[in-house]
Structures are given as structure tokens and as C-alpha cells.
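Source file: run10.pdb. Holds: PDB, C-alpha atoms.
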MODEL        1
ATOM      1  CA  MET A  12     108.284 172.272 104.704  1.00  0.00           C
ATOM      2  CA  PHE A  13     111.525 170.905 106.125  1.00  0.00           C
ATOM      3  CA  VAL A  14     113.670 172.096 109.018  1.00  0.00           C
ATOM      4  CA  ASP A  15     117.254 170.906 109.397  1.00  0.00           C
ATOM      5  CA  LEU A  16     117.935 170.733 113.126  1.00  0.00           C
ATOM      6  CA  HIS A  17     121.642 170.106 112.767  1.00  0.00           C
ATOM      7  CA  LEU A  18     123.915 171.420 110.085  1.00  0.00           C
ATOM      8  CA  HIS A  19     127.215 173.254 109.912  1.00  0.00           C
ATOM      9  CA  ALA A  20     126.584 176.157 107.536  1.00  0.00           C
ATOM     10  CA  ASP A  21     130.223 177.207 107.713  1.00  0.00           C
ATOM     11  CA  GLY A  22     131.117 173.970 105.910  1.00  0.00           C
ATOM     12  CA  ILE A  23     128.442 174.227 103.196  1.00  0.00           C
ATOM     13  CA  PRO A  24     128.987 176.184  99.965  1.00  0.00           C
ATOM     14  CA  ASP A  25     126.415 178.865  99.052  1.00  0.00           C
ATOM     15  CA  GLN A  26     125.241 176.813  96.078  1.00  0.00           C
ATOM     16  CA  ASP A  27     124.451 173.851  98.340  1.00  0.00           C
ATOM     17  CA  LEU A  28     122.518 176.092 100.755  1.00  0.00           C
ATOM     18  CA  ALA A  29     120.488 177.306  97.769  1.00  0.00           C
ATOM     19  CA  THR A  30     119.842 173.683  96.815  1.00  0.00           C
ATOM     20  CA  LEU A  31     118.574 172.924 100.324  1.00  0.00           C
ATOM     21  CA  ALA A  32     116.170 175.855 100.041  1.00  0.00           C
ATOM     22  CA  TYR A  33     115.080 174.754  96.551  1.00  0.00           C
ATOM     23  CA  PHE A  34     114.134 171.334  97.914  1.00  0.00           C
ATOM     24  CA  GLY A  35     112.049 172.810 100.715  1.00  0.00           C
ATOM     25  CA  VAL A  36     114.321 173.458 103.690  1.00  0.00           C
ATOM     26  CA  LYS A  37     112.741 176.561 105.219  1.00  0.00           C
ATOM     27  CA  ALA A  38     114.742 176.793 108.451  1.00  0.00           C
ATOM     28  CA  ALA A  39     117.978 175.375 109.819  1.00  0.00           C
ATOM     29  CA  VAL A  40     119.980 175.297 113.035  1.00  0.00           C
ATOM     30  CA  THR A  41     123.679 175.793 112.391  1.00  0.00           C
ATOM     31  CA  CYS A  42     125.663 174.310 115.263  1.00  0.00           C
ATOM     32  CA  ALA A  43     128.999 175.021 116.864  1.00  0.00           C
ATOM     33  CA  ARG A  44     131.409 172.343 115.812  1.00  0.00           C
ATOM     34  CA  ASP A  45     134.845 170.972 116.503  1.00  0.00           C
ATOM     35  CA  ALA A  46     136.780 172.506 113.607  1.00  0.00           C
ATOM     36  CA  GLY A  47     139.012 175.491 114.113  1.00  0.00           C
ATOM     37  CA  ALA A  48     138.583 176.003 117.845  1.00  0.00           C
ATOM     38  CA  GLY A  49     141.978 175.449 119.462  1.00  0.00           C
ATOM     39  CA  SER A  50     141.673 178.189 122.089  1.00  0.00           C
ATOM     40  CA  ALA A  51     138.946 180.056 123.927  1.00  0.00           C
ATOM     41  CA  ALA A  52     139.522 183.044 121.622  1.00  0.00           C
ATOM     42  CA  ASP A  53     139.169 180.787 118.558  1.00  0.00           C
ATOM     43  CA  LEU A  54     135.916 179.406 119.918  1.00  0.00           C
ATOM     44  CA  ARG A  55     134.520 182.899 120.573  1.00  0.00           C
ATOM     45  CA  ARG A  56     135.424 183.854 116.987  1.00  0.00           C
ATOM     46  CA  HIS A  57     133.663 180.694 115.773  1.00  0.00           C
ATOM     47  CA  TRP A  58     130.532 181.561 117.772  1.00  0.00           C
ATOM     48  CA  ASP A  59     130.573 185.161 116.489  1.00  0.00           C
ATOM     49  CA  GLU A  60     130.998 183.956 112.918  1.00  0.00           C
ATOM     50  CA  LEU A  61     128.046 181.588 113.233  1.00  0.00           C
ATOM     51  CA  VAL A  62     125.819 184.359 114.596  1.00  0.00           C
ATOM     52  CA  ARG A  63     126.913 187.102 112.206  1.00  0.00           C
ATOM     53  CA  VAL A  64     128.124 185.530 108.968  1.00  0.00           C
ATOM     54  CA  GLN A  65     126.438 182.135 108.745  1.00  0.00           C
ATOM     55  CA  THR A  66     122.987 183.448 109.649  1.00  0.00           C
ATOM     56  CA  ALA A  67     123.318 185.980 106.814  1.00  0.00           C
ATOM     57  CA  ARG A  68     124.330 183.211 104.385  1.00  0.00           C
ATOM     58  CA  LEU A  69     121.367 181.059 105.395  1.00  0.00           C
ATOM     59  CA  ARG A  70     118.979 184.005 105.079  1.00  0.00           C
ATOM     60  CA  GLN A  71     120.457 184.865 101.654  1.00  0.00           C
ATOM     61  CA  ALA A  72     119.706 181.290 100.559  1.00  0.00           C
ATOM     62  CA  GLY A  73     116.095 181.660 101.705  1.00  0.00           C
ATOM     63  CA  ILE A  74     116.481 179.604 104.871  1.00  0.00           C
ATOM     64  CA  ARG A  75     115.433 180.957 108.269  1.00  0.00           C
ATOM     65  CA  PRO A  76     118.646 180.897 110.336  1.00  0.00           C
ATOM     66  CA  MET A  77     118.892 179.598 113.872  1.00  0.00           C
ATOM     67  CA  VAL A  78     122.075 178.979 115.842  1.00  0.00           C
ATOM     68  CA  ALA A  79     123.193 176.537 118.533  1.00  0.00           C
ATOM     69  CA  LEU A  80     126.356 177.397 120.465  1.00  0.00           C
ATOM     70  CA  ALA A  81     128.352 175.299 122.931  1.00  0.00           C
ATOM     71  CA  LEU A  82     131.757 173.935 123.786  1.00  0.00           C
ATOM     72  CA  HIS A  83     132.025 170.951 121.434  1.00  0.00           C
ATOM     73  CA  PRO A  84     133.553 167.970 123.267  1.00  0.00           C
ATOM     74  CA  SER A  85     136.230 167.457 120.599  1.00  0.00           C
ATOM     75  CA  ARG A  86     137.624 170.963 121.025  1.00  0.00           C
ATOM     76  CA  ILE A  87     137.338 172.004 124.650  1.00  0.00           C
ATOM     77  CA  PRO A  88     140.088 174.588 125.155  1.00  0.00           C
ATOM     78  CA  TRP A  89     142.542 174.018 127.997  1.00  0.00           C
ATOM     79  CA  HIS A  90     142.249 177.613 129.196  1.00  0.00           C
ATOM     80  CA  GLY A  91     139.313 180.001 129.345  1.00  0.00           C
ATOM     81  CA  VAL A  92     136.427 177.543 129.816  1.00  0.00           C
ATOM     82  CA  ASP A  93     134.976 179.481 132.754  1.00  0.00           C
ATOM     83  CA  ASP A  94     135.037 182.696 130.732  1.00  0.00           C
ATOM     84  CA  LEU A  95     133.355 180.989 127.772  1.00  0.00           C
ATOM     85  CA  LEU A  96     130.602 179.574 129.963  1.00  0.00           C
ATOM     86  CA  GLN A  97     130.051 183.040 131.449  1.00  0.00           C
ATOM     87  CA  ARG A  98     129.838 184.633 127.983  1.00  0.00           C
ATOM     88  CA  LEU A  99     127.628 181.969 126.442  1.00  0.00           C
ATOM     89  CA  PRO A 100     124.300 183.102 128.020  1.00  0.00           C
ATOM     90  CA  HIS A 101     124.743 186.585 126.518  1.00  0.00           C
ATOM     91  CA  TYR A 102     124.571 185.139 123.010  1.00  0.00           C
ATOM     92  CA  PHE A 103     120.950 184.217 123.740  1.00  0.00           C
ATOM     93  CA  ASP A 104     120.102 187.925 123.700  1.00  0.00           C
ATOM     94  CA  ASP A 105     120.091 187.427 119.920  1.00  0.00           C
ATOM     95  CA  PRO A 106     116.783 185.730 118.996  1.00  0.00           C
ATOM     96  CA  ARG A 107     118.545 183.649 116.320  1.00  0.00           C
ATOM     97  CA  VAL A 108     120.505 181.807 119.031  1.00  0.00           C
ATOM     98  CA  VAL A 109     117.988 179.171 120.057  1.00  0.00           C
ATOM     99  CA  ALA A 110     119.898 176.225 121.563  1.00  0.00           C
ATOM    100  CA  LEU A 111     123.119 174.926 123.060  1.00  0.00           C
ATOM    101  CA  GLY A 112     124.988 172.598 120.751  1.00  0.00           C
ATOM    102  CA  GLU A 113     126.792 170.607 119.883  1.00  0.00           C
ATOM    103  CA  LEU A 114     127.678 169.411 123.343  1.00  0.00           C
ATOM    104  CA  GLY A 115     128.209 165.897 124.614  1.00  0.00           C
ATOM    105  CA  LEU A 116     131.002 163.396 125.019  1.00  0.00           C
ATOM    106  CA  GLN A 117     133.645 162.507 122.455  1.00  0.00           C
ATOM    107  CA  ASP A 118     136.100 160.285 124.310  1.00  0.00           C
ATOM    108  CA  GLY A 119     134.575 160.558 127.768  1.00  0.00           C
ATOM    109  CA  GLY A 120     136.560 161.337 130.841  1.00  0.00           C
ATOM    110  CA  GLU A 121     136.119 163.599 133.834  1.00  0.00           C
ATOM    111  CA  ARG A 122     136.843 166.886 132.066  1.00  0.00           C
ATOM    112  CA  GLU A 123     134.353 166.267 129.242  1.00  0.00           C
ATOM    113  CA  GLU A 124     131.735 165.083 131.712  1.00  0.00           C
ATOM    114  CA  GLU A 125     132.180 168.132 133.942  1.00  0.00           C
ATOM    115  CA  ILE A 126     131.876 170.562 131.026  1.00  0.00           C
ATOM    116  CA  LEU A 127     128.863 168.688 129.638  1.00  0.00           C
ATOM    117  CA  SER A 128     127.184 168.856 133.051  1.00  0.00           C
ATOM    118  CA  ARG A 129     127.884 172.576 133.329  1.00  0.00           C
ATOM    119  CA  GLN A 130     126.397 173.191 129.882  1.00  0.00           C
ATOM    120  CA  LEU A 131     123.306 171.117 130.707  1.00  0.00           C
ATOM    121  CA  GLU A 132     122.879 173.159 133.892  1.00  0.00           C
ATOM    122  CA  LEU A 133     123.125 176.326 131.788  1.00  0.00           C
ATOM    123  CA  ALA A 134     120.547 174.994 129.321  1.00  0.00           C
ATOM    124  CA  ALA A 135     118.172 174.206 132.163  1.00  0.00           C
ATOM    125  CA  ARG A 136     118.666 177.646 133.693  1.00  0.00           C
ATOM    126  CA  LEU A 137     118.078 179.351 130.332  1.00  0.00           C
ATOM    127  CA  ARG A 138     115.275 176.892 129.444  1.00  0.00           C
ATOM    128  CA  LYS A 139     116.899 176.222 126.068  1.00  0.00           C
ATOM    129  CA  PRO A 140     117.109 173.011 124.038  1.00  0.00           C
ATOM    130  CA  VAL A 141     120.398 171.268 123.445  1.00  0.00           C
ATOM    131  CA  ILE A 142     121.849 169.363 120.511  1.00  0.00           C
ATOM    132  CA  VAL A 143     123.847 166.409 121.787  1.00  0.00           C
ATOM    133  CA  HIS A 144     126.948 165.178 119.995  1.00  0.00           C
ATOM    134  CA  THR A 145     127.899 161.524 119.929  1.00  0.00           C
ATOM    135  CA  PRO A 146     131.133 160.389 118.282  1.00  0.00           C
ATOM    136  CA  ASP A 147     131.052 159.238 114.675  1.00  0.00           C
ATOM    137  CA  ARG A 148     132.728 155.985 115.654  1.00  0.00           C
ATOM    138  CA  LYS A 149     132.456 153.917 118.792  1.00  0.00           C
ATOM    139  CA  LYS A 150     129.188 155.519 119.957  1.00  0.00           C
ATOM    140  CA  ALA A 151     128.699 152.728 122.471  1.00  0.00           C
ATOM    141  CA  ALA A 152     131.761 153.740 124.528  1.00  0.00           C
ATOM    142  CA  PRO A 153     130.729 157.200 125.834  1.00  0.00           C
ATOM    143  CA  THR A 154     126.957 156.788 125.550  1.00  0.00           C
ATOM    144  CA  PRO A 155     126.377 154.852 128.795  1.00  0.00           C
ATOM    145  CA  ARG A 156     128.557 157.393 130.622  1.00  0.00           C
ATOM    146  CA  LEU A 157     126.533 160.235 129.118  1.00  0.00           C
ATOM    147  CA  LEU A 158     123.255 158.635 130.129  1.00  0.00           C
ATOM    148  CA  ALA A 159     124.595 158.054 133.648  1.00  0.00           C
ATOM    149  CA  LEU A 160     125.394 161.730 134.223  1.00  0.00           C
ATOM    150  CA  PRO A 161     122.739 163.081 136.575  1.00  0.00           C
ATOM    151  CA  LYS A 162     122.142 166.278 134.568  1.00  0.00           C
ATOM    152  CA  ALA A 163     121.832 164.364 131.295  1.00  0.00           C
ATOM    153  CA  ALA A 164     119.437 161.834 132.775  1.00  0.00           C
ATOM    154  CA  GLU A 165     117.303 164.611 134.311  1.00  0.00           C
ATOM    155  CA  ALA A 166     117.181 166.540 131.049  1.00  0.00           C
ATOM    156  CA  LEU A 167     116.259 163.524 128.952  1.00  0.00           C
ATOM    157  CA  LYS A 168     113.548 162.443 131.361  1.00  0.00           C
ATOM    158  CA  ALA A 169     112.196 165.999 131.393  1.00  0.00           C
ATOM    159  CA  ALA A 170     112.027 165.777 127.606  1.00  0.00           C
ATOM    160  CA  GLY A 171     109.719 162.775 128.014  1.00  0.00           C
ATOM    161  CA  LEU A 172     112.013 160.166 126.462  1.00  0.00           C
ATOM    162  CA  SER A 173     111.742 156.588 127.708  1.00  0.00           C
ATOM    163  CA  ASP A 174     114.886 154.706 128.762  1.00  0.00           C
ATOM    164  CA  GLU A 175     114.749 152.597 125.586  1.00  0.00           C
ATOM    165  CA  LEU A 176     114.298 155.608 123.313  1.00  0.00           C
ATOM    166  CA  ARG A 177     117.167 157.435 125.033  1.00  0.00           C
ATOM    167  CA  ARG A 178     119.467 154.467 124.399  1.00  0.00           C
ATOM    168  CA  ARG A 179     118.413 154.189 120.736  1.00  0.00           C
ATOM    169  CA  VAL A 180     118.700 157.896 120.017  1.00  0.00           C
ATOM    170  CA  PHE A 181     122.143 158.240 121.537  1.00  0.00           C
ATOM    171  CA  PHE A 182     123.474 155.214 119.702  1.00  0.00           C
ATOM    172  CA  GLU A 183     122.056 156.425 116.392  1.00  0.00           C
ATOM    173  CA  GLY A 184     123.232 160.043 116.388  1.00  0.00           C
ATOM    174  CA  PRO A 185     122.714 163.619 117.506  1.00  0.00           C
ATOM    175  CA  LEU A 186     119.631 164.491 119.485  1.00  0.00           C
ATOM    176  CA  ALA A 187     117.866 167.779 120.072  1.00  0.00           C
ATOM    177  CA  PHE A 188     115.678 167.945 123.132  1.00  0.00           C
ATOM    178  CA  LEU A 189     113.947 170.577 125.231  1.00  0.00           C
ATOM    179  CA  GLN A 190     114.697 171.306 128.838  1.00  0.00           C
ATOM    180  CA  ALA A 191     111.580 171.371 131.016  1.00  0.00           C
TER     181      ALA A 191
ENDMDL
END
Go ahead and express the file in the form of C-alpha cells.
Amino acid sequence: MFVDLHLHADGIPDQDLATLAYFGVKAAVTCARDAGAGSAADLRRHWDELVRVQTARLRQAGIRPMVALALHPSRIPWHGVDDLLQRLPHYFDDPRVVALGELGLQDGGEREEEILSRQLELAARLRKPVIVHTPDRKKAAPTPRLLALPKAAEALKAAGLSDELRRRVFFEGPLAFLQA
């Protein structure tokens, strides 16, 4: 049995979802992503579509659907962030919403770091795992800043990851970890 902890079902054709199921993927976490979220309203529509439409598509393909929702660092809206962060916990009333993600740093900077910290605080309060985004290119630039954020360091230590493992995981790609 395989579980895909990070996919974007909204970017995968039905036939490819069926192929994943055929080759043994039994469950998958479809994550919020950077595409199509230019405003807070767009992001809410994206979250709603993941919960309503993409979970049905995964289930139709024979894959147990799970969802991770967050403000992706590439598409943080300029207005409405506070409202989004207030609405986000209510999505966890749906048992298919199991994690916050993708969240992280894309380019770095104060705004991204503040929103990442707020989402990590929310994850800790809700006792939910997170899926951390690192940029496709130039991972080394924001990674030390991410690891230096107090909330990120606390969460990763609570997950039981050594300093060396934390560095390797962040440089190599997305990471899912549990809040203690």
C-alpha cells in the first residue's frame, strides 16, 4: 500500500489518478498550492474546491482523499490574510482536512516569515501536521531563515528531527511533520 503525502489533485487528470490507484496508491493528501490564488476570495474558492471537488475525484479513482490547506508562500494575498487565518480552522471540522499545507518560504522576507509563523502557531493550537514548501530552485536561500524562525524550530524539534536531518530534509524538498 502506498500513500502520497503531497500531490495537487486539481492538476492531475482523472486517468492519471486512476493509474495511481492501479499501482497501489490507497490514500493521498491533496495540498493547497500557488496556482490561481490572486486574492483572498480566490484562495477560499481554491480551498473549497479542494475539499468538495478534488476529494470526490480522488474517491472516484479509488484513493482515500485527505486535504491540506494553507496560505502558500508564492500566493499570499495582499488583503484578507487575517480573515483567511480566522476561517482556516473551521475547515478542520471536515475529517478529510488533516493538515496545513503547503506553507513555508518562497523568497523569504518579513511578510512570508510572519505568515508562516502564524500558520505554525495555528497548527500547534489545532495539533495538526503541516506540509512545508521549499522553492523549486535556490532552496538554500530561504531554508536557513526558515529553520531560524522560532516556531519552525520548535515544531521540527517537537517532531523529533535532529538538526542534521532538518537541514537535509529542507534542502531536498517538502516535509510533512506532526506538531507535538
- Quick one: residues within 7 Å of stretch 26-32 of chain A, all atoms listed in the file counted, chain neighbours fewer than 3 positions away excluded, as JSON, numbers by chain? {"A": [23, 35, 36, 37, 69, 72, 73, 74]}
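Under the PyMOL selection byres ((chain A and resi 93-103) around 8), the matching residues in the shown file are Ala51, Arg55, Leu80, Ala81, Gly91, Val92, Asp104, Asp105, Pro106, Arg107, Val108, Val109, Gln130, Leu133 and Leu137 of chain A.
The residues returned by the PyMOL selection byres ((chain A and resi 134) around 10) on the shown structure are A:Pro100, A:Ala110, A:Leu111, A:Gly112, A:Ser128, A:Arg129, A:Gln130, A:Leu131, A:Glu132, A:Leu133, A:Ala135, A:Arg136, A:Leu137, A:Arg138, A:Lys139, A:Pro140, A:Val141, A:Ala166, A:Leu189, A:Gln190, A:Ala191.
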- Item | Residues matched by the PyMOL selection byres ((chain A and resi 66) around 12) as a ChimeraX atom specification | /A:19-21,28,38-42,58-65,67-79,105-108
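In this comparison, which uses all atoms listed in the file, the residue of A:Ala52, A:Leu160, A:Val14, A:Val143 approaching A:Phe34 most closely is A:Val14.
The interatomic distance for the pair atom CA of A:Leu16 and atom CA of A:Gly115 works out to 16.2 Å.
Residues in contact with A:Ser85 at 10 Å, where only C-alpha atoms are counted and same-chain residues fewer than 6 positions away are skipped, are listed as Arg44, Asp45, Ala46, Ala48, Gly49, Glu113, Leu114, Gly115, Leu116, Gln117, Asp118, Glu123, His144 and Pro146 of chain A.
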Centre, x/y/z edge lengths, axis-aligned box for stretch 116-135 of chain A with 8 Å per side, as lines of an AutoDock Vina configuration file:
center_x = 127.5
center_y = 168.3
center_z = 128.2
size_x = 34.7
size_y = 32.0
size_z = 27.5
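Restricting the calculation to all atoms listed in the file, the smallest distance between A:Trp89 and any of A:Ser50, A:Gly119, A:Glu125, A:Gly22 is found for A:Ser50.
The two atoms in question, atom CA of A:Ile87 and atom CA of A:Asp25, are spaced 28.7 Å apart.
One distance worth recording is that between atom CA of A:Arg56 and atom CA of A:Phe13, which is 29.3 Å.
Closest approach to A:Glu121 from the set A:Tyr33, A:Asp53, A:Ala43, A:Pro84 is made by A:Pro84, with distances taken over only C-alpha atoms.
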